[in-house]
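These notes are about the structure you will find just below.
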Amino acid sequence: MKCPRCKKDNDRVVDSRAAGEGSSIRRRRECLECFLRYTTYERVEETPLRVIKKNGERVRFDRDRVLQGMMRACEKLPVSTESLEQSAARVEARCHEEYDREVPSTVIGALVMEELRRLNQVAYVRFASVYREFKDVSQFLDELKPILEARREGE
């Protein structure tokens, strides 16, 4: 590691400890040329997850876009921002767990629908109608059938 002051590559590690809840290592270093003490951080290099859109375009995964879509579906519904943020984090985590570098947008949409189904059925149907691009009322009703059947069984 080059010293920030004298630019020599001659240092020693004085202290190392975990930082950022174990996601990085903080190292105190001392330059053996000019005796400056400075701090460096070591992290695992993560390859950014890319989304393969329906048209074949590849864009960087953006949890904020997922969250915005979920918030739009939950507009004027009793769903807390905190629960939406947790759901968006779960979607992102599952994408990182199940895909190395690229994830199809269809997978992200399915994961979002799964999360919204647990949070609020109206939000789920709103999101599904836009995501699946319903062309007529029959497609809308097809999406509602499993929800209505589950409700009847629960009575």
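In the structure tokens, each chain is lettered A, B, ... as it comes, each chain's residues begin at 1, and ligands are numbered from 1 in order of appearance.
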
Excluding same-chain residues fewer than 2 positions from Glu33 (chain A), what lies within 8 Å of it counting only C-alpha atoms, as a ChimeraX atom specification? /A:6,8,10-11,31,35

Selection file, N, CA and C atoms, as a compact mmCIF listing (two decimals), in the first residue's frame:
# COMPACT_ATOMS: atom_id res chain seq x y z
N CYS A 6 4.24 10.26 1.41
CA CYS A 6 5.50 10.15 0.66
C CYS A 6 5.43 9.24 -0.56
N LYS A 8 5.68 6.13 -0.88
CA LYS A 8 6.52 4.92 -0.84
C LYS A 8 5.65 3.71 -0.51
N ASN A 10 6.19 1.07 1.44
CA ASN A 10 6.93 0.42 2.51
C ASN A 10 6.22 0.74 3.82
N ASP A 11 5.30 -0.15 4.21
CA ASP A 11 4.56 0.09 5.44
C ASP A 11 4.41 -1.18 6.25
N CYS A 31 3.75 4.03 7.78
CA CYS A 31 4.77 4.11 6.73
C CYS A 31 6.14 3.99 7.40
N PHE A 35 6.87 7.60 8.62
CA PHE A 35 6.21 7.29 9.89
C PHE A 35 4.78 7.82 10.02

Need the shell around region 144-152 of chain A: protein/DNA/RNA residues with any atom at most 12 Å away, counting only C-alpha atoms. Skip same-chain ones fewer than 4 positions apart. Format as a VMD selection string? chain A and resid 117 to 118 120 to 122 124 to 126 128 to 129 137 to 140

Find the distance between CA of Arg65 (chain A) and CA of Ala19 (chain A) and write it in Å to one decimal. 28.6 Å

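Distance annotation: of A:Cys34, A:Cys74, A:Val91, A:Val103, the residue with the minimal separation from Glu57 (chain A) is A:Val103; atom set is only C-alpha atoms.
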
So which one's closest to Arg43 (chain A), A:Val59, A:Ala88, A:Ala18, A:Ala93? Using only C-alpha atoms, please.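 Smallest distance to Arg43 (chain A) is found for A:Ala18.
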
Would you list, as an mmCIF file with C-alpha atoms, in the first residue's frame, the residues of region 68-147 of chain A that end up in helix (DSSP H, G or I) under DSSP run on this structure's backbone?
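Saved the output as out_10.cif:
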data_model
loop_
_atom_site.group_PDB
_atom_site.id
_atom_site.type_symbol
_atom_site.label_atom_id
_atom_site.label_comp_id
_atom_site.auth_asym_id
_atom_site.auth_seq_id
_atom_site.Cartn_x
_atom_site.Cartn_y
_atom_site.Cartn_z
ATOM 1 C CA GLN A 68 -40.361 2.560 -6.253
ATOM 2 C CA GLY A 69 -42.404 -0.018 -8.152
ATOM 3 C CA MET A 70 -43.564 -1.576 -4.907
ATOM 4 C CA MET A 71 -44.426 1.842 -3.450
ATOM 5 C CA ARG A 72 -46.442 2.708 -6.541
ATOM 6 C CA ALA A 73 -48.419 -0.525 -6.165
ATOM 7 C CA THR A 81 -42.433 2.095 4.086
ATOM 8 C CA GLU A 82 -40.320 -0.036 6.431
ATOM 9 C CA SER A 83 -42.011 -3.263 5.325
ATOM 10 C CA LEU A 84 -41.581 -2.253 1.675
ATOM 11 C CA GLU A 85 -37.884 -1.543 2.232
ATOM 12 C CA GLN A 86 -37.459 -4.938 3.900
ATOM 13 C CA SER A 87 -39.250 -6.622 1.002
ATOM 14 C CA ALA A 88 -37.061 -4.842 -1.559
ATOM 15 C CA ALA A 89 -33.977 -5.932 0.400
ATOM 16 C CA ARG A 90 -35.217 -9.552 0.335
ATOM 17 C CA VAL A 91 -35.743 -9.332 -3.432
ATOM 18 C CA GLU A 92 -32.201 -8.005 -3.879
ATOM 19 C CA ALA A 93 -30.724 -10.637 -1.555
ATOM 20 C CA ARG A 94 -32.461 -13.490 -3.396
ATOM 21 C CA CYS A 95 -31.230 -12.165 -6.742
ATOM 22 C CA HIS A 96 -27.654 -12.070 -5.425
ATOM 23 C CA GLU A 97 -27.992 -15.563 -3.904
ATOM 24 C CA GLU A 98 -29.487 -17.226 -6.958
ATOM 25 C CA SER A 105 -36.243 -8.938 -15.186
ATOM 26 C CA THR A 106 -38.976 -11.593 -15.179
ATOM 27 C CA VAL A 107 -37.397 -13.159 -12.094
ATOM 28 C CA ILE A 108 -37.309 -9.809 -10.310
ATOM 29 C CA GLY A 109 -40.957 -9.199 -11.198
ATOM 30 C CA ALA A 110 -41.961 -12.618 -9.871
ATOM 31 C CA LEU A 111 -40.074 -12.007 -6.614
ATOM 32 C CA VAL A 112 -41.719 -8.592 -6.211
ATOM 33 C CA MET A 113 -45.152 -10.140 -6.795
ATOM 34 C CA GLU A 114 -44.387 -12.799 -4.191
ATOM 35 C CA GLU A 115 -43.471 -10.108 -1.648
ATOM 36 C CA LEU A 116 -46.527 -7.970 -2.458
ATOM 37 C CA ARG A 117 -48.825 -10.970 -2.193
ATOM 38 C CA ARG A 118 -47.706 -11.341 1.444
ATOM 39 C CA LEU A 119 -47.979 -7.619 2.195
ATOM 40 C CA GLN A 121 -53.464 -8.372 -1.961
ATOM 41 C CA VAL A 122 -54.633 -5.162 -3.628
ATOM 42 C CA ALA A 123 -51.025 -4.044 -4.134
ATOM 43 C CA TYR A 124 -50.226 -7.481 -5.524
ATOM 44 C CA VAL A 125 -53.038 -7.267 -8.103
ATOM 45 C CA ARG A 126 -52.088 -3.693 -9.033
ATOM 46 C CA PHE A 127 -48.478 -4.699 -9.634
ATOM 47 C CA ALA A 128 -49.458 -7.872 -11.491
ATOM 48 C CA SER A 129 -51.782 -5.965 -13.829
ATOM 49 C CA VAL A 130 -48.957 -3.648 -14.902
ATOM 50 C CA TYR A 131 -46.163 -6.233 -14.797
ATOM 51 C CA VAL A 137 -60.689 -8.109 -17.715
ATOM 52 C CA SER A 138 -60.499 -11.905 -18.097
ATOM 53 C CA GLN A 139 -56.756 -11.852 -17.437
ATOM 54 C CA PHE A 140 -57.398 -9.698 -14.392
ATOM 55 C CA LEU A 141 -59.996 -12.172 -13.120
ATOM 56 C CA ASP A 142 -57.633 -15.106 -13.745
ATOM 57 C CA GLU A 143 -55.141 -13.438 -11.393
ATOM 58 C CA LEU A 144 -57.835 -12.909 -8.760
ATOM 59 C CA LYS A 145 -59.172 -16.496 -8.783
ATOM 60 C CA PRO A 146 -56.423 -18.031 -6.579
ATOM 61 C CA ILE A 147 -56.807 -15.206 -4.050
#

Val14 (chain A) surroundings by only C-alpha atoms, 8 Å radius, close-in-sequence under 3 positions cut, as a VMD selection string: chain A and resid 27 to 30

Report, in Å to a single decimal, how far apart CA of Gly154 (chain A) and CA of Lys76 (chain A) are.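 That distance, rounded to one decimal, is 26.3 Å.
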
Within 7 Å of region 48-50 of chain A, counting only C-alpha atoms, which residues qualify if same-chain residues fewer than 4 places away don't, as a list in words?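 The residues satisfying every condition are Arg58, Val59, Arg60, Phe61, Arg101, Glu102 and Val103 of chain A.
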
Closest to Met1 (chain A) among A:Ser24, A:Arg17, A:Glu45, A:Thr39, using only C-alpha atoms? A:Thr39

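We find CA of Val51 (chain A) and CA of Ser80 (chain A) to be spaced 26.9 Å apart.
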
Among the residues of chain A, find those DSSP assigns to strand (DSSP E) from the backbone and print them as JSON, numbers by chain. {"A": [11, 12, 13, 14, 15, 16, 17, 18, 19, 24, 25, 26, 27, 28, 29, 30, 31, 37, 38, 39, 40, 41, 42, 43, 50, 51, 52, 58, 59, 60, 102, 103, 104]}
